[in-house]
>>> print(open('query_38.cif').read())   # mmCIF, C-alpha atoms
data_protein
loop_
_atom_site.group_PDB
_atom_site.id
_atom_site.type_symbol
_atom_site.label_atom_id
_atom_site.label_comp_id
_atom_site.auth_asym_id
_atom_site.auth_seq_id
_atom_site.Cartn_x
_atom_site.Cartn_y
_atom_site.Cartn_z
ATOM 1 C CA MET A 450 -15.683 62.032 -11.005
ATOM 2 C CA SER A 451 -14.030 62.319 -14.366
ATOM 3 C CA MET A 452 -15.063 60.092 -17.263
ATOM 4 C CA GLU A 453 -11.523 59.432 -18.433
ATOM 5 C CA LYS A 454 -9.709 58.195 -15.360
ATOM 6 C CA LEU A 455 -9.931 54.492 -14.590
ATOM 7 C CA PHE A 456 -8.230 54.791 -11.204
ATOM 8 C CA GLU A 457 -9.272 57.695 -9.077
ATOM 9 C CA VAL A 458 -9.502 59.062 -5.545
ATOM 10 C CA VAL A 459 -12.478 61.403 -5.182
ATOM 11 C CA GLU A 460 -14.050 63.507 -2.461
ATOM 12 C CA GLN A 461 -17.609 63.397 -3.801
ATOM 13 C CA ALA A 462 -20.174 60.582 -3.758
ATOM 14 C CA ILE A 463 -19.369 57.693 -6.104
ATOM 15 C CA SER A 464 -21.890 56.536 -8.700
ATOM 16 C CA VAL A 465 -21.524 52.816 -9.382
ATOM 17 C CA ASP A 466 -23.119 53.208 -12.824
ATOM 18 C CA GLN A 467 -20.670 55.949 -13.680
ATOM 19 C CA VAL A 468 -17.697 53.713 -12.763
ATOM 20 C CA ILE A 469 -19.153 50.881 -14.849
ATOM 21 C CA SER A 470 -19.615 53.256 -17.778
ATOM 22 C CA ARG A 471 -15.853 53.783 -17.877
ATOM 23 C CA LEU A 472 -15.515 50.170 -19.050
ATOM 24 C CA ALA A 473 -17.825 50.555 -22.041
ATOM 25 C CA ASP A 474 -16.508 48.342 -24.840
ATOM 26 C CA PRO A 475 -18.367 46.194 -27.407
ATOM 27 C CA ALA A 476 -16.010 43.271 -26.687
ATOM 28 C CA VAL A 477 -17.178 43.079 -23.073
ATOM 29 C CA GLY A 478 -19.788 40.509 -22.061
ATOM 30 C CA ALA A 479 -19.462 40.678 -18.278
ATOM 31 C CA ILE A 480 -18.695 43.342 -15.704
ATOM 32 C CA THR A 481 -18.355 42.462 -12.043
ATOM 33 C CA THR A 482 -18.378 45.088 -9.346
ATOM 34 C CA PHE A 483 -17.424 45.209 -5.712
ATOM 35 C CA VAL A 484 -19.035 48.045 -3.776
ATOM 36 C CA GLY A 485 -17.608 48.759 -0.340
ATOM 37 C CA VAL A 486 -20.075 50.642 1.866
ATOM 38 C CA VAL A 487 -19.788 52.112 5.341
ATOM 39 C CA ARG A 488 -21.024 49.663 7.958
ATOM 40 C CA GLY A 489 -22.782 50.997 11.041
ATOM 41 C CA GLU A 490 -21.160 48.673 13.573
ATOM 42 C CA THR A 491 -17.959 46.709 14.139
ATOM 43 C CA ASP A 492 -17.679 44.001 16.802
ATOM 44 C CA GLY A 493 -20.909 45.173 18.369
ATOM 45 C CA ARG A 494 -19.810 48.779 18.650
ATOM 46 C CA GLU A 495 -21.846 51.427 16.863
ATOM 47 C CA THR A 496 -19.958 53.528 14.325
ATOM 48 C CA LEU A 497 -21.177 57.108 13.896
ATOM 49 C CA TYR A 498 -19.263 57.721 10.650
ATOM 50 C CA LEU A 499 -15.940 57.022 8.956
ATOM 51 C CA GLU A 500 -13.204 59.434 8.015
ATOM 52 C CA TYR A 501 -11.051 58.367 5.061
ATOM 53 C CA GLU A 502 -7.705 59.992 4.352
ATOM 54 C CA ALA A 503 -5.463 59.357 1.335
ATOM 55 C CA TYR A 504 -2.080 60.211 -0.035
ATOM 56 C CA PRO A 505 -3.913 61.021 -3.259
ATOM 57 C CA GLU A 506 -1.104 60.971 -5.851
ATOM 58 C CA MET A 507 0.301 57.697 -4.566
ATOM 59 C CA ALA A 508 -3.138 56.183 -3.960
ATOM 60 C CA GLU A 509 -4.140 56.674 -7.608
ATOM 61 C CA ALA A 510 -0.811 55.221 -8.756
ATOM 62 C CA THR A 511 -1.180 52.151 -6.522
ATOM 63 C CA LEU A 512 -4.822 51.629 -7.552
ATOM 64 C CA LYS A 513 -3.535 51.542 -11.128
ATOM 65 C CA GLN A 514 -0.841 49.075 -10.063
ATOM 66 C CA VAL A 515 -3.516 46.814 -8.539
ATOM 67 C CA GLY A 516 -5.409 46.970 -11.840
ATOM 68 C CA GLN A 517 -2.253 45.956 -13.707
ATOM 69 C CA GLU A 518 -1.607 43.055 -11.314
ATOM 70 C CA VAL A 519 -5.169 41.830 -11.906
ATOM 71 C CA GLN A 520 -4.666 41.863 -15.662
ATOM 72 C CA GLU A 521 -1.311 40.080 -15.382
ATOM 73 C CA ARG A 522 -2.821 37.293 -13.258
ATOM 74 C CA TRP A 523 -6.111 37.073 -15.145
ATOM 75 C CA PRO A 524 -5.332 37.998 -18.770
ATOM 76 C CA GLU A 525 -9.019 37.555 -19.614
ATOM 77 C CA ILE A 526 -9.785 40.723 -17.634
ATOM 78 C CA ARG A 527 -10.105 43.370 -20.309
ATOM 79 C CA GLN A 528 -10.102 46.455 -18.129
ATOM 80 C CA ALA A 529 -10.312 47.510 -14.498
ATOM 81 C CA ALA A 530 -11.673 50.694 -12.949
ATOM 82 C CA ILE A 531 -11.322 51.513 -9.249
ATOM 83 C CA VAL A 532 -12.660 54.637 -7.562
ATOM 84 C CA HIS A 533 -12.154 55.317 -3.844
ATOM 85 C CA ARG A 534 -13.735 58.129 -1.892
ATOM 86 C CA THR A 535 -12.118 60.106 0.934
ATOM 87 C CA GLY A 536 -13.372 62.487 3.610
ATOM 88 C CA ARG A 537 -16.262 61.964 5.994
ATOM 89 C CA LEU A 538 -18.585 59.131 4.956
ATOM 90 C CA GLU A 539 -21.895 58.366 6.610
ATOM 91 C CA ILE A 540 -23.279 54.890 7.290
ATOM 92 C CA GLY A 541 -24.408 53.243 4.036
ATOM 93 C CA GLU A 542 -22.390 55.511 1.758
ATOM 94 C CA THR A 543 -20.108 54.011 -0.884
ATOM 95 C CA ALA A 544 -16.407 54.107 -0.032
ATOM 96 C CA VAL A 545 -14.986 52.150 -2.965
ATOM 97 C CA VAL A 546 -16.118 50.702 -6.279
ATOM 98 C CA ILE A 547 -14.082 48.127 -8.168
ATOM 99 C CA ALA A 548 -15.318 47.196 -11.636
ATOM 100 C CA LEU A 549 -13.715 44.554 -13.849
ATOM 101 C CA SER A 550 -14.716 43.750 -17.396
ATOM 102 C CA ALA A 551 -14.189 40.596 -19.430
ATOM 103 C CA ALA A 552 -15.491 38.942 -22.551
ATOM 104 C CA HIS A 553 -16.929 36.107 -20.432
ATOM 105 C CA ARG A 554 -17.820 35.719 -16.791
ATOM 106 C CA ARG A 555 -15.338 32.998 -15.817
ATOM 107 C CA GLN A 556 -12.779 33.927 -13.172
ATOM 108 C CA VAL A 557 -13.802 37.555 -12.859
ATOM 109 C CA PHE A 558 -14.988 36.889 -9.317
ATOM 110 C CA ASP A 559 -11.562 35.590 -8.235
ATOM 111 C CA ALA A 560 -9.956 38.635 -9.784
ATOM 112 C CA LEU A 561 -12.346 40.911 -7.912
ATOM 113 C CA HIS A 562 -11.486 39.240 -4.604
ATOM 114 C CA TYR A 563 -7.790 39.683 -5.321
ATOM 115 C CA ALA A 564 -8.279 43.364 -6.135
ATOM 116 C CA ILE A 565 -10.013 44.272 -2.868
ATOM 117 C CA ASP A 566 -7.445 42.315 -0.835
ATOM 118 C CA ARG A 567 -4.567 44.113 -2.561
ATOM 119 C CA ILE A 568 -6.190 47.515 -2.051
ATOM 120 C CA LYS A 569 -6.241 46.849 1.683
ATOM 121 C CA GLU A 570 -2.526 45.929 1.591
ATOM 122 C CA VAL A 571 -0.866 48.551 -0.589
ATOM 123 C CA VAL A 572 -3.019 51.572 -1.341
ATOM 124 C CA PRO A 573 -2.189 54.520 0.946
ATOM 125 C CA ILE A 574 -5.710 55.187 2.169
ATOM 126 C CA TRP A 575 -6.605 55.198 5.851
ATOM 127 C CA LYS A 576 -9.915 54.751 7.630
ATOM 128 C CA LYS A 577 -10.839 56.162 10.999
ATOM 129 C CA GLU A 578 -13.854 54.785 12.815
ATOM 130 C CA VAL A 579 -15.598 57.404 14.903
ATOM 131 C CA TRP A 580 -17.796 56.237 17.794
ATOM 132 C CA ALA A 581 -19.861 58.198 20.330
ATOM 133 C CA ASP A 582 -17.007 57.852 22.845
ATOM 134 C CA GLY A 583 -13.835 57.720 20.792
ATOM 135 C CA GLU A 584 -12.153 57.051 17.468
ATOM 136 C CA GLU A 585 -9.464 54.816 15.980
ATOM 137 C CA TRP A 586 -7.527 54.364 12.725
ATOM 138 C CA LYS A 587 -8.318 50.859 11.481
ATOM 139 C CA SER A 588 -6.179 48.495 9.444
ATOM 140 C CA GLU A 589 -6.348 44.788 8.705
ATOM 141 C CA GLN A 590 -2.578 44.680 8.240
ATOM 142 C CA MET B 857 31.434 71.164 -5.442
ATOM 143 C CA GLU B 858 29.671 68.267 -3.749
ATOM 144 C CA GLN B 859 26.597 69.097 -1.717
ATOM 145 C CA ALA B 860 27.129 68.746 2.033
ATOM 146 C CA SER B 861 23.451 68.484 2.865
ATOM 147 C CA ILE B 862 20.108 67.741 1.247
ATOM 148 C CA LYS B 863 16.622 68.971 1.939
ATOM 149 C CA VAL B 864 13.645 66.611 1.864
ATOM 150 C CA ARG B 865 9.964 67.119 2.540
ATOM 151 C CA VAL B 866 8.363 64.574 4.896
ATOM 152 C CA ARG B 867 4.622 64.019 4.568
ATOM 153 C CA LEU B 868 2.668 62.391 7.376
ATOM 154 C CA PHE B 869 -0.719 60.752 7.117
ATOM 155 C CA ALA B 870 -3.505 59.460 9.354
ATOM 156 C CA GLY B 871 -2.261 58.333 12.784
ATOM 157 C CA ALA B 872 1.303 59.494 12.055
ATOM 158 C CA ARG B 873 0.030 62.960 11.144
ATOM 159 C CA GLU B 874 -2.037 63.173 14.332
ATOM 160 C CA LEU B 875 0.844 61.941 16.471
ATOM 161 C CA ALA B 876 3.334 64.430 15.051
ATOM 162 C CA GLY B 877 0.739 67.207 15.069
ATOM 163 C CA THR B 878 1.600 68.219 11.504
ATOM 164 C CA HIS B 879 1.191 66.898 7.966
ATOM 165 C CA THR B 880 4.524 68.057 6.650
ATOM 166 C CA LEU B 881 8.029 68.295 8.134
ATOM 167 C CA PRO B 882 10.881 69.791 6.112
ATOM 168 C CA GLN B 883 14.167 68.073 7.039
ATOM 169 C CA THR B 884 17.790 68.845 6.255
ATOM 170 C CA LEU B 885 20.019 65.760 6.173
ATOM 171 C CA PRO B 886 23.644 64.980 5.364
ATOM 172 C CA ALA B 887 24.203 64.157 1.692
ATOM 173 C CA GLY B 888 23.814 60.406 1.162
ATOM 174 C CA ALA B 889 21.440 59.954 4.116
ATOM 175 C CA THR B 890 19.162 56.935 3.898
ATOM 176 C CA VAL B 891 15.476 56.531 4.684
ATOM 177 C CA GLN B 892 16.576 54.669 7.834
ATOM 178 C CA GLU B 893 18.528 57.694 9.052
ATOM 179 C CA LEU B 894 15.577 59.960 8.394
ATOM 180 C CA ALA B 895 13.278 57.499 10.183
ATOM 181 C CA GLU B 896 15.532 57.485 13.256
ATOM 182 C CA ARG B 897 15.445 61.258 13.342
ATOM 183 C CA LEU B 898 11.642 61.238 13.129
ATOM 184 C CA TYR B 899 11.431 58.577 15.869
ATOM 185 C CA ASP B 900 13.677 60.668 18.135
ATOM 186 C CA ALA B 901 11.459 63.716 17.620
ATOM 187 C CA HIS B 902 8.188 61.743 17.913
ATOM 188 C CA PRO B 903 8.813 58.450 19.797
ATOM 189 C CA GLY B 904 5.271 57.196 19.178
ATOM 190 C CA LEU B 905 6.031 56.874 15.463
ATOM 191 C CA ARG B 906 8.456 54.024 16.196
ATOM 192 C CA GLU B 907 5.559 51.848 17.392
ATOM 193 C CA MET B 908 3.435 52.493 14.285
ATOM 194 C CA ARG B 909 4.997 49.943 11.889
ATOM 195 C CA LEU B 910 5.504 52.694 9.318
ATOM 196 C CA ARG B 911 6.405 52.005 5.713
ATOM 197 C CA PHE B 912 8.108 54.730 3.730
ATOM 198 C CA ALA B 913 7.575 56.016 0.218
ATOM 199 C CA VAL B 914 9.879 58.309 -1.726
ATOM 200 C CA ASN B 915 8.268 60.374 -4.457
ATOM 201 C CA ALA B 916 5.073 58.297 -4.135
ATOM 202 C CA ALA B 917 6.618 54.799 -4.400
ATOM 203 C CA TYR B 918 7.373 52.373 -1.558
ATOM 204 C CA VAL B 919 11.093 52.063 -0.771
ATOM 205 C CA ASP B 920 13.398 50.006 1.465
ATOM 206 C CA LEU B 921 14.960 51.637 4.506
ATOM 207 C CA GLY B 922 18.393 51.488 2.851
ATOM 208 C CA THR B 923 17.347 53.788 0.005
ATOM 209 C CA ALA B 924 19.567 56.871 -0.269
ATOM 210 C CA LEU B 925 17.679 60.151 -0.321
ATOM 211 C CA GLN B 926 18.219 62.894 -2.866
ATOM 212 C CA ASP B 927 17.814 66.628 -2.505
ATOM 213 C CA GLY B 928 14.188 67.598 -3.075
ATOM 214 C CA ASP B 929 12.701 64.154 -2.381
ATOM 215 C CA GLU B 930 9.231 63.838 -0.942
ATOM 216 C CA VAL B 931 9.224 61.156 1.757
ATOM 217 C CA ALA B 932 5.906 59.832 3.021
ATOM 218 C CA CYS B 933 5.342 58.079 6.353
ATOM 219 C CA ILE B 934 2.802 55.359 5.634
ATOM 220 C CA PRO B 935 1.076 53.825 8.684
ATOM 221 C CA PRO B 936 -0.735 50.489 8.145
ATOM 222 C CA VAL B 937 -3.276 51.237 5.417
ATOM 223 C CA GLY B 938 -6.995 50.568 5.671
ATOM 224 C CA GLY B 939 -8.801 51.411 2.476
ATOM 225 C CA GLY B 940 -11.799 49.623 1.054
#
>>> encode(input="query_38.cif", output="structure tokens")
Amino acid sequence: MSMEKLFEVVEQAISVDQVISRLADPAVGAITTFVGVVRGETDGRETLYLEYEAYPEMAEATLKQVGQEVQERWPEIRQAAIVHRTGRLEIGETAVVIALSAAHRRQVFDALHYAIDRIKEVVPIWKKEVWADGEEWKSEQ
Amino acid sequence: MEQASIKVRVRLFAGARELAGTHTLPQTLPAGATVQELAERLYDAHPGLREMRLRFAVNAAYVDLGTALQDGDEVACIPPVGGG
């Protein structure tokens, strides 16, 4: 992971602290994070692992767009950083980290909720669940 | 002289990539062809794509089906996304 980029698609493990560190700013008094991790079962069916695929150039651009939308709707959000991982992820590994900073804590939770919902709608990243007896691309759309 | 045809590069992802059996499909189209016309050609070649509720992006931005394509465009087939 690079230190400079606020919106990034990576193939290596994501460090939550490292994403938070990208928001370092003396004016910030609150940082909220959402950490999406790989769940081991869906609807009672055991997942062996997940395979994430991205259209990387467009995914980084749309993650940035989501960050801009957040700041337009919640002007008190000072900065956003979103890092999404691709490739094979094992159960319990971190798939996505969203971090939002603000001077004060009010409304940052709503903004965080909005950000994860928008990621699932517009960012060209796909998730395949792999089971012992099959696999399927999953979408909530 | 006006160009009679354009070349675009189609990129396929996730389920669309698996269905087509490739991640990239160069296509030659008549000048002025729209995304819709390209989509129909892809659906004829790979009928399963029609059922996938694809969105399309040109040069990494979502577009409407009526968008006219230009020579050298990169067109992405975007199945329903599922990040997070």
>>> interface_residues(input="query_38.cif", of="chain B", to="chain A", cutoff="6 Å", atoms="all atoms listed in the file", output="PyMOL selection string")
chain B and resi 916+936-940
>>> closest_atom_pairs(input="query_38.cif", of="stretch 485-586 of chain A", to="stretch 467-475 of chain A", cutoff="10 Å", atoms="only C-alpha atoms", output="CSV")
residue,atom,partner,partner_atom,distance
A:Arg527,CA,A:Leu472,CA,8.8
A:Gln528,CA,A:Leu472,CA,6.6
A:Ala529,CA,A:Leu472,CA,7.4
A:Ala530,CA,A:Val468,CA,6.7
A:Ile531,CA,A:Val468,CA,7.6
A:Val532,CA,A:Val468,CA,7.3
A:Val546,CA,A:Val468,CA,7.3
A:Ile547,CA,A:Val468,CA,8.1
A:Ala548,CA,A:Ile469,CA,6.2
A:Leu549,CA,A:Leu472,CA,7.9
A:Ser550,CA,A:Leu472,CA,6.7
A:Ala551,CA,A:Leu472,CA,9.7
A:Ala552,CA,A:Pro475,CA,9.2
>>> atom_distance(input="query_38.cif", atom1="atom CA of B:Ala889", atom2="atom CA of B:Pro903")
20.2 Å
>>> atom_distance(input="query_38.cif", atom1="atom CA of B:Leu881", atom2="atom CA of B:Asn915")
14.9 Å
>>> residues_near_point(input="query_38.cif", point="(-15.1, 61.6, -3.9)", cutoff="8 Å", atoms="only C-alpha atoms", output="PDB file with C-alpha atoms, in the coordinates of the input")
ATOM      1  CA  MET A 450     -15.683  62.032 -11.005  1.00  0.00           C
ATOM      2  CA  VAL A 458      -9.502  59.062  -5.545  1.00  0.00           C
ATOM      3  CA  VAL A 459     -12.478  61.403  -5.182  1.00  0.00           C
ATOM      4  CA  GLU A 460     -14.050  63.507  -2.461  1.00  0.00           C
ATOM      5  CA  GLN A 461     -17.609  63.397  -3.801  1.00  0.00           C
ATOM      6  CA  ALA A 462     -20.174  60.582  -3.758  1.00  0.00           C
ATOM      7  CA  ILE A 463     -19.369  57.693  -6.104  1.00  0.00           C
ATOM      8  CA  HIS A 533     -12.154  55.317  -3.844  1.00  0.00           C
ATOM      9  CA  ARG A 534     -13.735  58.129  -1.892  1.00  0.00           C
ATOM     10  CA  THR A 535     -12.118  60.106   0.934  1.00  0.00           C
ATOM     11  CA  GLY A 536     -13.372  62.487   3.610  1.00  0.00           C
TER      12      GLY A 536
END
>>> resolve_selection(input="query_38.cif", expression="the PyMOL selection byres ((chain B and resi 858-870) around 8)", output="number ranges by chain")
A: 502-504, 575, 586; B: 857, 871-874, 876, 878-887, 925-935
>>> atom_distance(input="query_38.cif", atom1="atom CA of B:Arg909", atom2="atom CA of A:Ile540")
29.1 Å
>>> residues_around(input="query_38.cif", residues="B:Leu875", least_positions_apart="6", cutoff="8 Å", atoms="all atoms listed in the file", output="PDB file with C-alpha atoms, in the coordinates of the input")
ATOM      1  CA  HIS B 902       8.188  61.743  17.913  1.00  0.00           C
ATOM      2  CA  GLY B 904       5.271  57.196  19.178  1.00  0.00           C
ATOM      3  CA  LEU B 905       6.031  56.874  15.463  1.00  0.00           C
TER       4      LEU B 905
END
>>> decode(input="query_38.cif", residues="stretch 469-574 of chain A", atoms="C-alpha atoms", output="PDB file, in the first residue's frame")
ATOM      1  CA  ILE A 469      -6.020   5.595   9.145  1.00  0.00           C
ATOM      2  CA  SER A 470      -2.538   7.110   9.019  1.00  0.00           C
ATOM      3  CA  ARG A 471      -3.340   8.538   5.591  1.00  0.00           C
ATOM      4  CA  LEU A 472      -5.821  10.880   7.295  1.00  0.00           C
ATOM      5  CA  ALA A 473      -3.296  12.365   9.713  1.00  0.00           C
ATOM      6  CA  ASP A 474      -4.197  16.020  10.259  1.00  0.00           C
ATOM      7  CA  PRO A 475      -4.080  18.173  13.423  1.00  0.00           C
ATOM      8  CA  ALA A 476      -7.592  19.487  12.674  1.00  0.00           C
ATOM      9  CA  VAL A 477      -9.078  16.001  12.986  1.00  0.00           C
ATOM     10  CA  GLY A 478     -10.760  14.943  16.226  1.00  0.00           C
ATOM     11  CA  ALA A 479     -12.543  11.795  15.058  1.00  0.00           C
ATOM     12  CA  ILE A 480     -11.874   9.023  12.571  1.00  0.00           C
ATOM     13  CA  THR A 481     -14.453   6.336  11.923  1.00  0.00           C
ATOM     14  CA  THR A 482     -13.607   3.153  10.100  1.00  0.00           C
ATOM     15  CA  PHE A 483     -15.570   0.401   8.453  1.00  0.00           C
ATOM     16  CA  VAL A 484     -13.652  -2.844   8.041  1.00  0.00           C
ATOM     17  CA  GLY A 485     -15.199  -5.433   5.749  1.00  0.00           C
ATOM     18  CA  VAL A 486     -13.893  -8.936   6.466  1.00  0.00           C
ATOM     19  CA  VAL A 487     -14.460 -12.271   4.771  1.00  0.00           C
ATOM     20  CA  ARG A 488     -17.277 -14.182   6.441  1.00  0.00           C
ATOM     21  CA  GLY A 489     -17.074 -17.963   6.632  1.00  0.00           C
ATOM     22  CA  GLU A 490     -20.717 -18.690   5.831  1.00  0.00           C
ATOM     23  CA  THR A 491     -23.664 -17.224   3.937  1.00  0.00           C
ATOM     24  CA  ASP A 492     -27.227 -18.476   4.434  1.00  0.00           C
ATOM     25  CA  GLY A 493     -25.931 -21.506   6.279  1.00  0.00           C
ATOM     26  CA  ARG A 494     -23.516 -22.505   3.547  1.00  0.00           C
ATOM     27  CA  GLU A 495     -19.826 -22.688   4.383  1.00  0.00           C
ATOM     28  CA  THR A 496     -17.550 -20.465   2.309  1.00  0.00           C
ATOM     29  CA  LEU A 497     -14.031 -21.787   1.712  1.00  0.00           C
ATOM     30  CA  TYR A 498     -12.631 -18.453   0.485  1.00  0.00           C
ATOM     31  CA  LEU A 499     -13.515 -15.435  -1.639  1.00  0.00           C
ATOM     32  CA  GLU A 500     -12.038 -14.334  -4.925  1.00  0.00           C
ATOM     33  CA  TYR A 501     -12.220 -10.592  -5.608  1.00  0.00           C
ATOM     34  CA  GLU A 502     -11.700  -9.179  -9.082  1.00  0.00           C
ATOM     35  CA  ALA A 503     -11.532  -5.492 -10.036  1.00  0.00           C
ATOM     36  CA  TYR A 504     -11.332  -3.245 -13.029  1.00  0.00           C
ATOM     37  CA  PRO A 505      -8.513  -1.508 -11.171  1.00  0.00           C
ATOM     38  CA  GLU A 506      -8.266   1.850 -12.980  1.00  0.00           C
ATOM     39  CA  MET A 507     -12.010   2.416 -12.870  1.00  0.00           C
ATOM     40  CA  ALA A 508     -12.360   1.016  -9.349  1.00  0.00           C
ATOM     41  CA  GLU A 509      -9.878   3.555  -7.953  1.00  0.00           C
ATOM     42  CA  ALA A 510     -11.635   6.362  -9.836  1.00  0.00           C
ATOM     43  CA  THR A 511     -15.066   5.334  -8.521  1.00  0.00           C
ATOM     44  CA  LEU A 512     -13.762   4.915  -4.954  1.00  0.00           C
ATOM     45  CA  LYS A 513     -12.559   8.510  -5.241  1.00  0.00           C
ATOM     46  CA  GLN A 514     -15.980   9.514  -6.569  1.00  0.00           C
ATOM     47  CA  VAL A 515     -17.634   7.890  -3.533  1.00  0.00           C
ATOM     48  CA  GLY A 516     -15.288   9.886  -1.293  1.00  0.00           C
ATOM     49  CA  GLN A 517     -16.286  13.089  -3.087  1.00  0.00           C
ATOM     50  CA  GLU A 518     -20.000  12.279  -2.750  1.00  0.00           C
ATOM     51  CA  VAL A 519     -19.502  11.754   0.994  1.00  0.00           C
ATOM     52  CA  GLN A 520     -17.850  15.145   1.355  1.00  0.00           C
ATOM     53  CA  GLU A 521     -20.566  16.857  -0.696  1.00  0.00           C
ATOM     54  CA  ARG A 522     -23.327  15.368   1.475  1.00  0.00           C
ATOM     55  CA  TRP A 523     -21.488  15.720   4.780  1.00  0.00           C
ATOM     56  CA  PRO A 524     -19.269  18.813   4.448  1.00  0.00           C
ATOM     57  CA  GLU A 525     -17.975  18.192   7.975  1.00  0.00           C
ATOM     58  CA  ILE A 526     -16.095  15.139   6.675  1.00  0.00           C
ATOM     59  CA  ARG A 527     -12.563  16.405   6.244  1.00  0.00           C
ATOM     60  CA  GLN A 528     -11.107  13.520   4.289  1.00  0.00           C
ATOM     61  CA  ALA A 529     -11.916   9.990   3.182  1.00  0.00           C
ATOM     62  CA  ALA A 530      -9.616   7.059   2.473  1.00  0.00           C
ATOM     63  CA  ILE A 531     -10.840   3.775   0.987  1.00  0.00           C
ATOM     64  CA  VAL A 532      -8.662   0.755   0.258  1.00  0.00           C
ATOM     65  CA  HIS A 533     -10.060  -2.434  -1.295  1.00  0.00           C
ATOM     66  CA  ARG A 534      -8.179  -5.673  -1.725  1.00  0.00           C
ATOM     67  CA  THR A 535      -8.477  -8.088  -4.656  1.00  0.00           C
ATOM     68  CA  GLY A 536      -7.402 -11.669  -5.311  1.00  0.00           C
ATOM     69  CA  ARG A 537      -7.985 -14.691  -3.112  1.00  0.00           C
ATOM     70  CA  LEU A 538      -8.997 -13.800   0.449  1.00  0.00           C
ATOM     71  CA  GLU A 539      -9.285 -16.290   3.275  1.00  0.00           C
ATOM     72  CA  ILE A 540     -11.958 -16.268   5.981  1.00  0.00           C
ATOM     73  CA  GLY A 541     -11.353 -13.403   8.430  1.00  0.00           C
ATOM     74  CA  GLU A 542      -9.111 -11.404   6.110  1.00  0.00           C
ATOM     75  CA  THR A 543      -9.836  -7.731   5.459  1.00  0.00           C
ATOM     76  CA  ALA A 544     -11.422  -6.995   2.086  1.00  0.00           C
ATOM     77  CA  VAL A 545     -12.086  -3.270   2.449  1.00  0.00           C
ATOM     78  CA  VAL A 546     -11.292  -0.421   4.818  1.00  0.00           C
ATOM     79  CA  ILE A 547     -13.165   2.870   4.733  1.00  0.00           C
ATOM     80  CA  ALA A 548     -11.842   5.635   6.974  1.00  0.00           C
ATOM     81  CA  LEU A 549     -13.468   9.049   7.358  1.00  0.00           C
ATOM     82  CA  SER A 550     -12.084  11.935   9.356  1.00  0.00           C
ATOM     83  CA  ALA A 551     -13.846  14.933  10.863  1.00  0.00           C
ATOM     84  CA  ALA A 552     -13.252  17.617  13.434  1.00  0.00           C
ATOM     85  CA  HIS A 553     -16.075  16.178  15.569  1.00  0.00           C
ATOM     86  CA  ARG A 554     -17.828  12.846  15.733  1.00  0.00           C
ATOM     87  CA  ARG A 555     -21.340  13.927  14.727  1.00  0.00           C
ATOM     88  CA  GLN A 556     -22.720  12.397  11.539  1.00  0.00           C
ATOM     89  CA  VAL A 557     -19.583  10.506  10.594  1.00  0.00           C
ATOM     90  CA  PHE A 558     -21.413   7.232  11.164  1.00  0.00           C
ATOM     91  CA  ASP A 559     -24.144   8.127   8.648  1.00  0.00           C
ATOM     92  CA  ALA A 560     -21.482   9.080   6.147  1.00  0.00           C
ATOM     93  CA  LEU A 561     -19.722   5.760   6.681  1.00  0.00           C
ATOM     94  CA  HIS A 562     -22.950   3.847   6.047  1.00  0.00           C
ATOM     95  CA  TYR A 563     -23.500   5.803   2.846  1.00  0.00           C
ATOM     96  CA  ALA A 564     -19.963   5.070   1.663  1.00  0.00           C
ATOM     97  CA  ILE A 565     -20.201   1.285   1.999  1.00  0.00           C
ATOM     98  CA  ASP A 566     -23.630   1.243   0.325  1.00  0.00           C
ATOM     99  CA  ARG A 567     -22.324   3.275  -2.617  1.00  0.00           C
ATOM    100  CA  ILE A 568     -19.261   1.050  -2.987  1.00  0.00           C
ATOM    101  CA  LYS A 569     -21.569  -1.929  -3.422  1.00  0.00           C
ATOM    102  CA  GLU A 570     -23.529  -0.044  -6.115  1.00  0.00           C
ATOM    103  CA  VAL A 571     -20.926   1.608  -8.323  1.00  0.00           C
ATOM    104  CA  VAL A 572     -17.389   0.372  -7.788  1.00  0.00           C
ATOM    105  CA  PRO A 573     -16.375  -2.225 -10.404  1.00  0.00           C
ATOM    106  CA  ILE A 574     -15.225  -4.911  -7.995  1.00  0.00           C
TER     107      ILE A 574
END
